[in-house]
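Trainee: Pasting structure_12.cif below, which is mmCIF, C-alpha atoms.
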```cif
data_run
loop_
_atom_site.group_PDB
_atom_site.id
_atom_site.type_symbol
_atom_site.label_atom_id
_atom_site.label_comp_id
_atom_site.auth_asym_id
_atom_site.auth_seq_id
_atom_site.Cartn_x
_atom_site.Cartn_y
_atom_site.Cartn_z
ATOM 1 C CA MET A 114 35.964 42.248 127.144
ATOM 2 C CA SER A 115 36.785 45.741 125.952
ATOM 3 C CA ALA A 116 36.137 46.855 122.397
ATOM 4 C CA ASP A 117 39.875 46.642 121.670
ATOM 5 C CA GLU A 118 40.031 42.974 122.523
ATOM 6 C CA ARG A 119 37.107 41.747 120.428
ATOM 7 C CA MET A 120 37.927 39.598 117.440
ATOM 8 C CA ILE A 121 35.812 39.233 114.344
ATOM 9 C CA PRO A 122 35.039 35.666 113.169
ATOM 10 C CA CYS A 123 36.607 34.177 110.014
ATOM 11 C CA SER A 124 33.306 34.403 108.109
ATOM 12 C CA GLN A 125 33.220 38.179 108.584
ATOM 13 C CA ALA A 126 36.917 38.639 107.810
ATOM 14 C CA VAL A 127 36.565 36.683 104.569
ATOM 15 C CA ARG A 128 33.428 38.582 103.591
ATOM 16 C CA GLN A 129 35.301 41.864 104.003
ATOM 17 C CA LEU A 130 38.586 40.822 102.372
ATOM 18 C CA TRP A 131 38.126 42.417 98.948
ATOM 19 C CA ASP A 132 36.811 45.616 100.460
ATOM 20 C CA TYR A 133 39.827 45.512 102.756
ATOM 21 C CA LEU A 134 42.132 45.193 99.748
ATOM 22 C CA ASP A 135 40.228 47.981 97.989
ATOM 23 C CA GLN A 136 40.713 50.199 101.084
ATOM 24 C CA ARG A 137 36.966 50.586 101.258
ATOM 25 C CA LEU A 138 36.368 49.714 104.915
ATOM 26 C CA SER A 139 35.957 52.213 107.730
ATOM 27 C CA PRO A 140 39.109 52.652 109.857
ATOM 28 C CA GLU A 141 37.533 50.486 112.597
ATOM 29 C CA GLU A 142 36.543 47.704 110.189
ATOM 30 C CA HIS A 143 39.947 47.878 108.544
ATOM 31 C CA ALA A 144 41.645 47.493 111.911
ATOM 32 C CA ASP A 145 39.335 44.558 112.796
ATOM 33 C CA VAL A 146 40.267 42.673 109.622
ATOM 34 C CA GLU A 147 43.954 43.472 110.099
ATOM 35 C CA LYS A 148 43.855 42.172 113.660
ATOM 36 C CA HIS A 149 42.128 39.006 112.518
ATOM 37 C CA LEU A 150 44.694 38.437 109.771
ATOM 38 C CA ALA A 151 47.527 38.881 112.216
ATOM 39 C CA PHE A 152 46.593 35.671 113.962
ATOM 40 C CA CYS A 153 44.537 33.600 111.478
ATOM 41 C CA ARG A 154 46.665 31.698 108.999
ATOM 42 C CA ARG A 155 43.768 30.380 106.966
ATOM 43 C CA CYS A 156 42.360 33.863 106.386
ATOM 44 C CA CYS A 157 45.836 35.061 105.380
ATOM 45 C CA GLY A 158 45.745 32.346 102.738
ATOM 46 C CA GLU A 159 42.307 33.593 101.646
ATOM 47 C CA MET A 160 43.730 37.095 101.390
ATOM 48 C CA GLU A 161 46.752 36.065 99.339
ATOM 49 C CA PHE A 162 44.419 34.193 97.031
ATOM 50 C CA ALA A 163 42.080 37.217 96.737
ATOM 51 C CA LYS A 164 45.121 39.280 95.664
ATOM 52 C CA GLU A 165 46.056 36.576 93.190
ATOM 53 C CA LEU A 166 42.524 36.584 91.781
ATOM 54 C CA GLN A 167 42.623 40.361 91.371
ATOM 55 C CA ARG A 168 45.887 40.079 89.439
ATOM 56 C CA PHE A 169 44.398 37.256 87.394
ATOM 57 C CA LEU A 170 41.340 39.339 86.457
ATOM 58 C CA ALA A 171 43.447 42.414 85.649
ATOM 59 C CA SER A 172 45.719 40.365 83.405
ATOM 60 C CA HIS A 173 42.741 39.066 81.411
ATOM 61 C CA GLY A 174 41.165 42.446 80.657
ATOM 62 C CA ALA A 175 42.725 42.917 77.243
ATOM 63 C CA GLU A 176 42.299 40.714 74.246
ATOM 64 C CA GLU A 177 43.939 40.352 70.838
ATOM 65 C CA ILE A 178 41.644 41.709 68.196
ATOM 66 C CA PRO A 179 41.389 39.415 65.147
ATOM 67 C CA PRO A 180 43.037 41.177 62.147
ATOM 68 C CA ASP A 181 39.920 40.968 59.966
ATOM 69 C CA VAL A 182 37.756 42.540 62.678
ATOM 70 C CA LYS A 183 40.317 45.305 63.172
ATOM 71 C CA GLU A 184 40.452 46.011 59.476
ATOM 72 C CA HIS A 185 36.681 46.031 59.202
ATOM 73 C CA LEU A 186 36.276 48.483 62.092
ATOM 74 C CA GLU A 187 39.026 50.758 60.767
ATOM 75 C CA ARG A 188 37.303 50.854 57.408
ATOM 76 C CA LEU A 189 34.063 51.801 59.131
ATOM 77 C CA VAL A 190 35.847 54.734 60.792
ATOM 78 C CA GLU A 191 37.208 55.936 57.461
ATOM 79 C CA GLU A 192 33.783 55.786 55.887
ATOM 80 C CA LEU A 193 31.936 57.641 58.636
ATOM 81 C CA MET B 156 28.369 75.738 81.433
ATOM 82 C CA GLU B 157 28.341 78.866 79.269
ATOM 83 C CA LYS B 158 32.130 78.833 79.215
ATOM 84 C CA ALA B 159 32.246 75.227 78.051
ATOM 85 C CA TRP B 160 29.902 76.032 75.223
ATOM 86 C CA HIS B 161 31.978 79.062 74.311
ATOM 87 C CA ASP B 162 35.231 77.042 74.309
ATOM 88 C CA ARG B 163 33.700 74.369 72.185
ATOM 89 C CA SER B 164 32.334 76.721 69.599
ATOM 90 C CA ARG B 165 35.674 78.530 69.421
ATOM 91 C CA HIS B 166 37.420 75.194 69.136
ATOM 92 C CA ALA B 167 35.126 74.288 66.240
ATOM 93 C CA GLU B 168 35.817 77.616 64.545
ATOM 94 C CA ASP B 169 39.575 77.109 64.667
ATOM 95 C CA GLU B 170 39.424 73.634 63.250
ATOM 96 C CA THR B 171 38.273 72.759 59.766
ATOM 97 C CA GLU B 172 35.891 69.898 59.232
ATOM 98 C CA THR B 173 38.702 67.821 57.699
ATOM 99 C CA ASP B 174 40.910 68.418 60.759
ATOM 100 C CA THR B 175 38.123 67.262 63.033
ATOM 101 C CA LYS B 176 37.498 64.173 60.967
ATOM 102 C CA GLN B 177 41.194 63.333 60.975
ATOM 103 C CA ALA B 178 41.414 63.840 64.729
ATOM 104 C CA PHE B 179 38.468 61.500 65.209
ATOM 105 C CA GLU B 180 39.938 58.898 62.891
ATOM 106 C CA ARG B 181 43.231 58.959 64.758
ATOM 107 C CA LEU B 182 41.567 58.587 68.151
ATOM 108 C CA ALA B 183 39.173 55.891 66.957
ATOM 109 C CA LYS B 184 41.844 53.786 65.262
ATOM 110 C CA GLU B 185 44.103 53.960 68.298
ATOM 111 C CA SER B 186 41.225 52.987 70.565
ATOM 112 C CA ILE B 187 39.750 50.114 68.557
ATOM 113 C CA PRO B 188 41.892 47.304 70.086
ATOM 114 C CA ARG B 189 41.140 48.393 73.674
ATOM 115 C CA LEU B 190 37.467 48.934 72.927
ATOM 116 C CA PHE B 191 37.229 45.512 71.351
ATOM 117 C CA GLY B 192 38.794 43.801 74.385
ATOM 118 C CA MET B 193 36.355 45.540 76.673
ATOM 119 C CA ALA B 194 33.380 44.776 74.419
ATOM 120 C CA ARG B 195 34.310 41.108 74.195
ATOM 121 C CA ARG B 196 34.479 40.800 77.972
ATOM 122 C CA LEU B 197 31.113 42.518 78.341
ATOM 123 C CA ALA B 198 29.141 41.267 75.388
ATOM 124 C CA GLY B 199 30.899 38.120 74.135
ATOM 125 C CA ASP B 200 30.096 37.397 70.512
ATOM 126 C CA GLY B 201 28.293 40.714 70.135
ATOM 127 C CA ALA B 202 31.587 42.575 70.644
ATOM 128 C CA GLU B 203 32.122 43.742 67.080
ATOM 129 C CA ASP B 204 28.579 45.142 66.813
ATOM 130 C CA LEU B 205 29.025 46.912 70.105
ATOM 131 C CA VAL B 206 32.284 48.555 68.997
ATOM 132 C CA GLN B 207 30.590 49.647 65.758
ATOM 133 C CA GLU B 208 27.772 51.224 67.718
ATOM 134 C CA CYS B 209 30.334 52.942 69.951
ATOM 135 C CA LEU B 210 32.275 54.284 66.954
ATOM 136 C CA MET B 211 29.149 55.730 65.370
ATOM 137 C CA ARG B 212 27.951 57.314 68.584
ATOM 138 C CA SER B 213 31.319 58.841 69.372
ATOM 139 C CA TYR B 214 31.638 60.202 65.851
ATOM 140 C CA ARG B 215 28.270 61.924 66.207
ATOM 141 C CA SER B 216 29.196 63.555 69.506
ATOM 142 C CA PHE B 217 32.930 64.107 68.913
ATOM 143 C CA ASP B 218 32.366 67.886 69.140
ATOM 144 C CA SER B 219 31.371 67.490 72.772
ATOM 145 C CA LEU B 220 34.727 65.916 73.696
ATOM 146 C CA GLU B 221 36.649 68.738 75.339
ATOM 147 C CA ASP B 222 39.826 66.981 76.377
ATOM 148 C CA ARG B 223 41.048 64.867 73.504
ATOM 149 C CA GLN B 224 43.831 63.442 75.641
ATOM 150 C CA ALA B 225 41.063 61.661 77.534
ATOM 151 C CA GLY B 226 39.526 60.370 74.323
ATOM 152 C CA LEU B 227 39.913 56.664 75.076
ATOM 153 C CA ALA B 228 38.144 56.927 78.452
ATOM 154 C CA TRP B 229 35.414 58.955 76.762
ATOM 155 C CA MET B 230 34.912 56.251 74.123
ATOM 156 C CA GLN B 231 34.931 53.531 76.773
ATOM 157 C CA ARG B 232 32.081 55.302 78.549
ATOM 158 C CA ILE B 233 30.171 55.525 75.281
ATOM 159 C CA LEU B 234 30.721 51.813 74.756
ATOM 160 C CA VAL B 235 29.326 50.976 78.196
ATOM 161 C CA ASN B 236 26.330 53.214 77.490
ATOM 162 C CA ALA B 237 25.669 51.409 74.240
ATOM 163 C CA TYR B 238 25.976 48.106 76.066
ATOM 164 C CA ARG B 239 23.524 49.226 78.738
ATOM 165 C CA ASP B 240 21.010 50.386 76.134
ATOM 166 C CA ARG B 241 21.292 47.040 74.435
ATOM 167 C CA LEU B 242 20.577 45.212 77.704
ATOM 168 C CA ARG B 243 17.506 47.341 78.249
ATOM 169 C CA LYS B 244 16.151 46.355 74.858
ATOM 170 C CA ASP B 245 16.831 42.724 75.584
ATOM 171 C CA SER B 246 13.575 41.332 76.921
ATOM 172 C CA ARG B 247 15.120 38.508 78.948
ATOM 173 C CA THR B 248 14.446 39.034 82.622
ATOM 174 C CA VAL B 249 17.486 39.432 84.792
ATOM 175 C CA GLN B 250 17.927 36.720 87.347
ATOM 176 C CA GLU B 251 19.363 37.603 90.706
ATOM 177 C CA VAL B 252 21.208 34.645 92.157
ATOM 178 C CA PRO B 253 20.074 33.699 95.680
ATOM 179 C CA VAL B 254 22.694 34.797 98.195
ATOM 180 C CA GLU B 255 22.900 31.539 100.085
ATOM 181 C CA GLU B 256 23.832 29.639 96.943
ATOM 182 C CA VAL B 257 27.110 31.455 96.466
ATOM 183 C CA ASP B 258 27.901 33.388 99.594
ATOM 184 C CA GLU B 259 29.350 30.423 101.405
ATOM 185 C CA PHE B 260 31.552 29.255 98.555
ATOM 186 C CA SER B 261 35.288 29.758 98.922
ATOM 187 C CA LEU B 262 37.498 28.721 96.018
ATOM 188 C CA TYR B 263 40.519 28.977 98.285
ATOM 189 C CA ARG B 264 39.086 26.434 100.732
ATOM 190 C CA THR B 265 37.647 24.207 98.004
ATOM 191 C CA LEU B 266 41.075 23.931 96.398
ATOM 192 C CA ALA B 267 42.767 23.223 99.714
ATOM 193 C CA GLU B 268 40.234 20.498 100.541
ATOM 194 C CA GLU B 269 39.942 18.859 97.117
ATOM 195 C CA ASP B 270 43.624 19.221 96.281
ATOM 196 C CA PRO B 271 43.099 18.782 92.530
ATOM 197 C CA LEU B 272 46.803 19.228 91.675
ATOM 198 C CA PRO B 273 48.564 16.872 94.096
ATOM 199 C CA TYR B 274 51.986 17.476 92.553
ATOM 200 C CA SER B 275 51.789 21.225 92.797
ATOM 201 C CA ASP B 276 53.792 23.237 95.321
ATOM 202 C CA SER B 277 51.654 26.304 94.751
ATOM 203 C CA LEU B 278 48.237 24.827 94.209
ATOM 204 C CA HIS B 279 46.187 28.035 94.170
ATOM 205 C CA VAL B 280 48.379 29.892 91.704
ATOM 206 C CA ASP B 281 48.770 26.855 89.458
ATOM 207 C CA PHE B 282 45.014 26.398 89.434
ATOM 208 C CA LEU B 283 44.563 29.919 88.043
ATOM 209 C CA HIS B 284 47.378 29.438 85.547
ATOM 210 C CA SER B 285 45.634 26.429 84.066
ATOM 211 C CA PHE B 286 43.072 28.836 82.554
ATOM 212 C CA GLY B 287 43.796 30.131 79.079
ATOM 213 C CA ARG B 288 42.305 33.296 77.646
ATOM 214 C CA GLU B 289 39.382 31.479 76.051
ATOM 215 C CA ASP B 290 38.695 29.575 79.267
ATOM 216 C CA VAL B 291 38.404 32.836 81.202
ATOM 217 C CA HIS B 292 36.130 34.128 78.491
ATOM 218 C CA ALA B 293 33.929 31.028 78.777
ATOM 219 C CA VAL B 294 33.745 31.350 82.571
ATOM 220 C CA LEU B 295 32.686 34.993 82.308
ATOM 221 C CA ARG B 296 29.943 34.039 79.855
ATOM 222 C CA ARG B 297 28.431 31.838 82.556
ATOM 223 C CA LEU B 298 27.784 34.794 84.843
ATOM 224 C CA PRO B 299 24.463 36.633 84.563
ATOM 225 C CA GLU B 300 24.959 40.071 82.943
ATOM 226 C CA ILE B 301 24.141 41.979 86.121
ATOM 227 C CA TYR B 302 27.137 40.428 87.856
ATOM 228 C CA ARG B 303 29.474 40.208 84.886
ATOM 229 C CA ALA B 304 29.348 43.893 83.925
ATOM 230 C CA PRO B 305 30.469 45.341 87.303
ATOM 231 C CA LEU B 306 33.124 42.634 87.658
ATOM 232 C CA VAL B 307 34.585 43.298 84.202
ATOM 233 C CA LEU B 308 34.486 47.062 84.613
ATOM 234 C CA ARG B 309 35.987 47.081 88.107
ATOM 235 C CA TYR B 310 38.628 44.355 88.015
ATOM 236 C CA MET B 311 39.449 43.987 84.330
ATOM 237 C CA GLN B 312 39.060 47.560 83.121
ATOM 238 C CA GLY B 313 39.928 49.433 86.315
ATOM 239 C CA PHE B 314 36.879 51.696 86.644
ATOM 240 C CA SER B 315 36.042 53.027 90.106
ATOM 241 C CA THR B 316 32.875 51.761 91.791
ATOM 242 C CA LYS B 317 31.390 55.276 91.674
ATOM 243 C CA GLU B 318 31.972 55.490 87.964
ATOM 244 C CA ILE B 319 30.449 52.029 87.452
ATOM 245 C CA ALA B 320 27.329 53.112 89.347
ATOM 246 C CA LYS B 321 27.017 56.121 87.045
ATOM 247 C CA LEU B 322 27.757 54.155 83.872
ATOM 248 C CA LEU B 323 25.299 51.374 84.635
ATOM 249 C CA GLY B 324 22.675 53.657 86.176
ATOM 250 C CA THR B 325 22.664 51.572 89.357
ATOM 251 C CA PRO B 326 22.841 52.799 92.986
ATOM 252 C CA LEU B 327 26.320 52.514 94.508
ATOM 253 C CA GLY B 328 25.118 50.057 97.164
ATOM 254 C CA THR B 329 23.775 47.764 94.448
ATOM 255 C CA VAL B 330 27.113 47.901 92.621
ATOM 256 C CA PHE B 331 28.914 46.786 95.793
ATOM 257 C CA ALA B 332 26.432 43.978 96.402
ATOM 258 C CA ARG B 333 26.728 42.766 92.812
ATOM 259 C CA LEU B 334 30.508 42.979 92.878
ATOM 260 C CA HIS B 335 30.551 40.864 95.995
ATOM 261 C CA ARG B 336 28.228 38.253 94.557
ATOM 262 C CA GLY B 337 29.897 38.488 91.162
ATOM 263 C CA ARG B 338 33.282 37.595 92.675
ATOM 264 C CA LYS B 339 31.800 34.632 94.514
ATOM 265 C CA LEU B 340 30.011 33.449 91.378
ATOM 266 C CA PHE B 341 33.187 33.864 89.355
ATOM 267 C CA GLU B 342 35.120 31.719 91.867
ATOM 268 C CA LYS B 343 32.416 29.074 91.799
ATOM 269 C CA GLU B 344 32.251 29.023 88.010
ATOM 270 C CA LEU B 345 36.061 28.811 87.768
ATOM 271 C CA TRP B 346 35.935 25.689 89.885
ATOM 272 C CA GLU B 347 33.034 24.109 87.994
ATOM 273 C CA TYR B 348 34.471 24.965 84.596
ATOM 274 C CA ALA B 349 37.867 23.518 85.542
ATOM 275 C CA ASN B 350 36.190 20.236 86.433
ATOM 276 C CA GLU B 351 33.898 20.101 83.417
ATOM 277 C CA ALA B 352 36.595 21.059 80.915
ATOM 278 C CA ASP B 353 39.081 18.729 82.563
ATOM 279 C CA LEU B 354 41.600 21.563 82.857
ATOM 280 C CA LEU B 355 43.210 20.163 85.965
ATOM 281 C CA HIS B 356 43.667 16.681 84.630
ATOM 282 C CA ALA B 357 45.269 18.110 81.497
ATOM 283 C CA GLY B 358 47.561 20.150 83.727
ATOM 284 C CA VAL B 359 48.818 17.101 85.611
ATOM 285 C CA THR B 360 49.502 14.944 82.596
ATOM 286 C CA ARG B 361 50.992 17.673 80.439
#
```
Once more with this new file: its structure as structure tokens, please.
Mentor:
Amino acid sequence: MSADERMIPCSQAVRQLWDYLDQRLSPEEHADVEKHLAFCRRCCGEMEFAKELQRFLASHGAEEIPPDVKEHLERLVEEL
Amino acid sequence: MEKAWHDRSRHAEDETETDTKQAFERLAKESIPRLFGMARRLAGDGAEDLVQECLMRSYRSFDSLEDRQAGLAWMQRILVNAYRDRLRKDSRTVQEVPVEEVDEFSLYRTLAEEDPLPYSDSLHVDFLHSFGREDVHAVLRRLPEIYRAPLVLRYMQGFSTKEIAKLLGTPLGTVFARLHRGRKLFEKELWEYANEADLLHAGVTR
């Protein structure tokens, strides 16, 4: 089997998914994951879910500050 | 280096003390909500103290801020520094989680196999949507600090991995390893929390 025909196993593809999404893999590794995804439906599902999780985390980064805490911190700034 | 010093001292000459104080106040007040959100994700109940510490530190070194347009990012870095110093003082030993315990877990597969929302057409998305803000907060609290901090900084606050390595004083390779394990742990804790808090059951009957 030539190097072009080899296929990485699901376990490896899944392990590399987030790095794949972050564009952090070498060009060869990137191509290996892409090739795997092209034929493996379950890993495509894993990838869609990884994207969903990233969106989920990003959407929970901010938080409403309670008004009394905000007021207290602003007062601290004025008194510095 | 010499030029930076020169620019700063000239900057200070042009600006009166009152101007500087006002500029700091403006920046700080604008930044407080964002800083608080970040502090809460990192430090939980200690968030307010952490923001206070950050405000005092940034006030003391405000003269060293050259680009005031980048003031928020500068204060965020100060906040992470304060957080890191606090962790160092904390005498609790940091527990690494054994790889084998989490590495094999896949929330995607677990959901597909357990099918906790039988009436859902988009099970995986609906599962995530069953978490409210406080639920996410509670799940994050379950992660050991060493995994939570990189996860929060990378995926919730958008810092680059290189910057996280610098901020946390950790080698880049360690940041990647902890991000990987942190994501797995987060998935596992989401699943366990959903079961313990009966989130899914509530979702079906609502």
Trainee: Counting all atoms listed in the file, which residues of chain B come no farther than 9 Å from chain A, as a PDB file with C-alpha atoms, in the frame of the given file?
Mentor:
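Written file, iface.pdb:
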```pdb
ATOM      1  CA  LYS B 176      37.498  64.173  60.967  1.00  0.00           C
ATOM      2  CA  PHE B 179      38.468  61.500  65.209  1.00  0.00           C
ATOM      3  CA  GLU B 180      39.938  58.898  62.891  1.00  0.00           C
ATOM      4  CA  ALA B 183      39.173  55.891  66.957  1.00  0.00           C
ATOM      5  CA  LYS B 184      41.844  53.786  65.262  1.00  0.00           C
ATOM      6  CA  ILE B 187      39.750  50.114  68.557  1.00  0.00           C
ATOM      7  CA  PRO B 188      41.892  47.304  70.086  1.00  0.00           C
ATOM      8  CA  ARG B 189      41.140  48.393  73.674  1.00  0.00           C
ATOM      9  CA  PHE B 191      37.229  45.512  71.351  1.00  0.00           C
ATOM     10  CA  GLY B 192      38.794  43.801  74.385  1.00  0.00           C
ATOM     11  CA  MET B 193      36.355  45.540  76.673  1.00  0.00           C
ATOM     12  CA  ARG B 195      34.310  41.108  74.195  1.00  0.00           C
ATOM     13  CA  ARG B 196      34.479  40.800  77.972  1.00  0.00           C
ATOM     14  CA  GLU B 203      32.122  43.742  67.080  1.00  0.00           C
ATOM     15  CA  VAL B 206      32.284  48.555  68.997  1.00  0.00           C
ATOM     16  CA  GLN B 207      30.590  49.647  65.758  1.00  0.00           C
ATOM     17  CA  LEU B 210      32.275  54.284  66.954  1.00  0.00           C
ATOM     18  CA  MET B 211      29.149  55.730  65.370  1.00  0.00           C
ATOM     19  CA  TYR B 214      31.638  60.202  65.851  1.00  0.00           C
ATOM     20  CA  ASP B 258      27.901  33.388  99.594  1.00  0.00           C
ATOM     21  CA  GLU B 259      29.350  30.423 101.405  1.00  0.00           C
ATOM     22  CA  SER B 261      35.288  29.758  98.922  1.00  0.00           C
ATOM     23  CA  LEU B 262      37.498  28.721  96.018  1.00  0.00           C
ATOM     24  CA  TYR B 263      40.519  28.977  98.285  1.00  0.00           C
ATOM     25  CA  ARG B 264      39.086  26.434 100.732  1.00  0.00           C
ATOM     26  CA  HIS B 279      46.187  28.035  94.170  1.00  0.00           C
ATOM     27  CA  VAL B 280      48.379  29.892  91.704  1.00  0.00           C
ATOM     28  CA  LEU B 283      44.563  29.919  88.043  1.00  0.00           C
ATOM     29  CA  HIS B 284      47.378  29.438  85.547  1.00  0.00           C
ATOM     30  CA  ARG B 288      42.305  33.296  77.646  1.00  0.00           C
ATOM     31  CA  VAL B 291      38.404  32.836  81.202  1.00  0.00           C
ATOM     32  CA  HIS B 292      36.130  34.128  78.491  1.00  0.00           C
ATOM     33  CA  LEU B 306      33.124  42.634  87.658  1.00  0.00           C
ATOM     34  CA  VAL B 307      34.585  43.298  84.202  1.00  0.00           C
ATOM     35  CA  TYR B 310      38.628  44.355  88.015  1.00  0.00           C
ATOM     36  CA  MET B 311      39.449  43.987  84.330  1.00  0.00           C
ATOM     37  CA  GLN B 312      39.060  47.560  83.121  1.00  0.00           C
ATOM     38  CA  GLY B 313      39.928  49.433  86.315  1.00  0.00           C
ATOM     39  CA  HIS B 335      30.551  40.864  95.995  1.00  0.00           C
ATOM     40  CA  GLU B 342      35.120  31.719  91.867  1.00  0.00           C
TER      41      GLU B 342
END
```
Trainee: Care to translate the PyMOL selection byres ((chain A and resi 142-148) around 8) into actual residues of this file, as a short mmCIF file (atom, residue, chain, number, x, y, z; two decimals) with C-alpha atoms, in the frame of the given file?
Mentor:
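Once everything was written out, this is out30.cif:
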```cif
data_model
loop_
_atom_site.label_atom_id
_atom_site.label_comp_id
_atom_site.auth_asym_id
_atom_site.auth_seq_id
_atom_site.Cartn_x
_atom_site.Cartn_y
_atom_site.Cartn_z
CA MET A 120 37.93 39.60 117.44
CA ILE A 121 35.81 39.23 114.34
CA ALA A 126 36.92 38.64 107.81
CA GLN A 129 35.30 41.86 104.00
CA LEU A 130 38.59 40.82 102.37
CA TYR A 133 39.83 45.51 102.76
CA GLN A 136 40.71 50.20 101.08
CA LEU A 138 36.37 49.71 104.92
CA SER A 139 35.96 52.21 107.73
CA PRO A 140 39.11 52.65 109.86
CA GLU A 141 37.53 50.49 112.60
CA HIS A 149 42.13 39.01 112.52
CA LEU A 150 44.69 38.44 109.77
CA ALA A 151 47.53 38.88 112.22
CA PHE A 152 46.59 35.67 113.96
#
```
Trainee: Can you tell me how far CA of Ala237 (chain B) sits from CA of Glu208 (chain B), in Å to one decimal?
Mentor: 6.9 Å
Trainee: Interatomic distance between CA of Asp218 (chain B) and CA of Ile233 (chain B)?
Mentor: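 Taking CA of Asp218 (chain B) and CA of Ile233 (chain B), their separation equals 14.0 Å.
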Trainee: Please, what distance in Å, to one decimal, runs between CA of Tyr302 (chain B) and CA of Leu334 (chain B)?
Mentor: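 CA of Leu334 (chain B) lies at a distance of 6.6 Å from CA of Tyr302 (chain B).
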Trainee: Written as a ChimeraX atom specification, what is the full residue list that the PyMOL selection byres ((chain B and resi 230) around 10) yields on the file shown?
Mentor: /B:182-183,186-187,190,206,209-210,212-214,217,220,225-229,231-236
Trainee: Residues within 10 Å of Gly324 (chain B), please, as a ChimeraX atom specification. Count all atoms listed in the file; anything in the same chain fewer than 4 positions from it doesn't count.
Mentor: /B:236,239,318-320,330
Trainee: Let me have the centre and edge lengths of the axis-aligned box enclosing all listed atoms of region 121-133 of chain A with 6 Å padding on every side, in Å to one decimal, as JSON.
Mentor:
```
{"center_x": 36.5, "center_y": 39.9, "center_z": 106.6, "size_x": 18.6, "size_y": 23.4, "size_z": 27.4}
```
Trainee: So which residues touch Ala293 (chain B) within 10 Å, counting all atoms listed in the file, skipping near sequence neighbours fewer than 4 positions away, as JSON, numbers by chain?
Mentor: {"B": [196, 199, 287, 288, 289, 297, 298, 344, 345, 348]}
Trainee: Could region 216-230 of chain B be completed with N, CA and C atoms and written as a PDB file, keeping the file's coordinate frame, please?
Mentor:
```pdb
ATOM      1  N   SER B 216      29.079  62.565  68.419  1.00  0.00           N
ATOM      2  CA  SER B 216      29.196  63.555  69.506  1.00  0.00           C
ATOM      3  C   SER B 216      30.655  63.969  69.753  1.00  0.00           C
ATOM      4  N   PHE B 217      31.503  63.782  68.750  1.00  0.00           N
ATOM      5  CA  PHE B 217      32.930  64.107  68.913  1.00  0.00           C
ATOM      6  C   PHE B 217      33.139  65.578  69.298  1.00  0.00           C
ATOM      7  N   ASP B 218      32.270  66.461  68.804  1.00  0.00           N
ATOM      8  CA  ASP B 218      32.366  67.886  69.140  1.00  0.00           C
ATOM      9  C   ASP B 218      32.261  68.142  70.640  1.00  0.00           C
ATOM     10  N   SER B 219      31.577  67.245  71.338  1.00  0.00           N
ATOM     11  CA  SER B 219      31.371  67.490  72.772  1.00  0.00           C
ATOM     12  C   SER B 219      32.566  67.022  73.610  1.00  0.00           C
ATOM     13  N   LEU B 220      33.538  66.370  72.958  1.00  0.00           N
ATOM     14  CA  LEU B 220      34.727  65.916  73.696  1.00  0.00           C
ATOM     15  C   LEU B 220      35.675  67.097  73.871  1.00  0.00           C
ATOM     16  N   GLU B 221      35.828  67.540  75.118  1.00  0.00           N
ATOM     17  CA  GLU B 221      36.649  68.738  75.339  1.00  0.00           C
ATOM     18  C   GLU B 221      38.131  68.397  75.452  1.00  0.00           C
ATOM     19  N   ASP B 222      38.433  67.327  76.162  1.00  0.00           N
ATOM     20  CA  ASP B 222      39.826  66.981  76.377  1.00  0.00           C
ATOM     21  C   ASP B 222      40.171  65.753  75.536  1.00  0.00           C
ATOM     22  N   ARG B 223      40.794  65.991  74.416  1.00  0.00           N
ATOM     23  CA  ARG B 223      41.048  64.867  73.504  1.00  0.00           C
ATOM     24  C   ARG B 223      42.093  63.898  74.044  1.00  0.00           C
ATOM     25  N   GLN B 224      42.879  64.352  75.005  1.00  0.00           N
ATOM     26  CA  GLN B 224      43.831  63.442  75.641  1.00  0.00           C
ATOM     27  C   GLN B 224      43.087  62.321  76.377  1.00  0.00           C
ATOM     28  N   ALA B 225      41.857  62.650  76.786  1.00  0.00           N
ATOM     29  CA  ALA B 225      41.063  61.661  77.534  1.00  0.00           C
ATOM     30  C   ALA B 225      40.087  60.945  76.602  1.00  0.00           C
ATOM     31  N   GLY B 226      40.430  60.919  75.332  1.00  0.00           N
ATOM     32  CA  GLY B 226      39.526  60.370  74.323  1.00  0.00           C
ATOM     33  C   GLY B 226      39.174  58.898  74.515  1.00  0.00           C
ATOM     34  N   LEU B 227      40.183  58.095  74.913  1.00  0.00           N
ATOM     35  CA  LEU B 227      39.913  56.664  75.076  1.00  0.00           C
ATOM     36  C   LEU B 227      38.876  56.429  76.178  1.00  0.00           C
ATOM     37  N   ALA B 228      39.081  57.091  77.333  1.00  0.00           N
ATOM     38  CA  ALA B 228      38.144  56.927  78.452  1.00  0.00           C
ATOM     39  C   ALA B 228      36.739  57.378  78.037  1.00  0.00           C
ATOM     40  N   TRP B 229      36.704  58.437  77.252  1.00  0.00           N
ATOM     41  CA  TRP B 229      35.414  58.955  76.762  1.00  0.00           C
ATOM     42  C   TRP B 229      34.734  57.903  75.873  1.00  0.00           C
ATOM     43  N   MET B 230      35.492  57.268  75.004  1.00  0.00           N
ATOM     44  CA  MET B 230      34.912  56.251  74.123  1.00  0.00           C
ATOM     45  C   MET B 230      34.510  55.005  74.911  1.00  0.00           C
TER      46      MET B 230
END
```
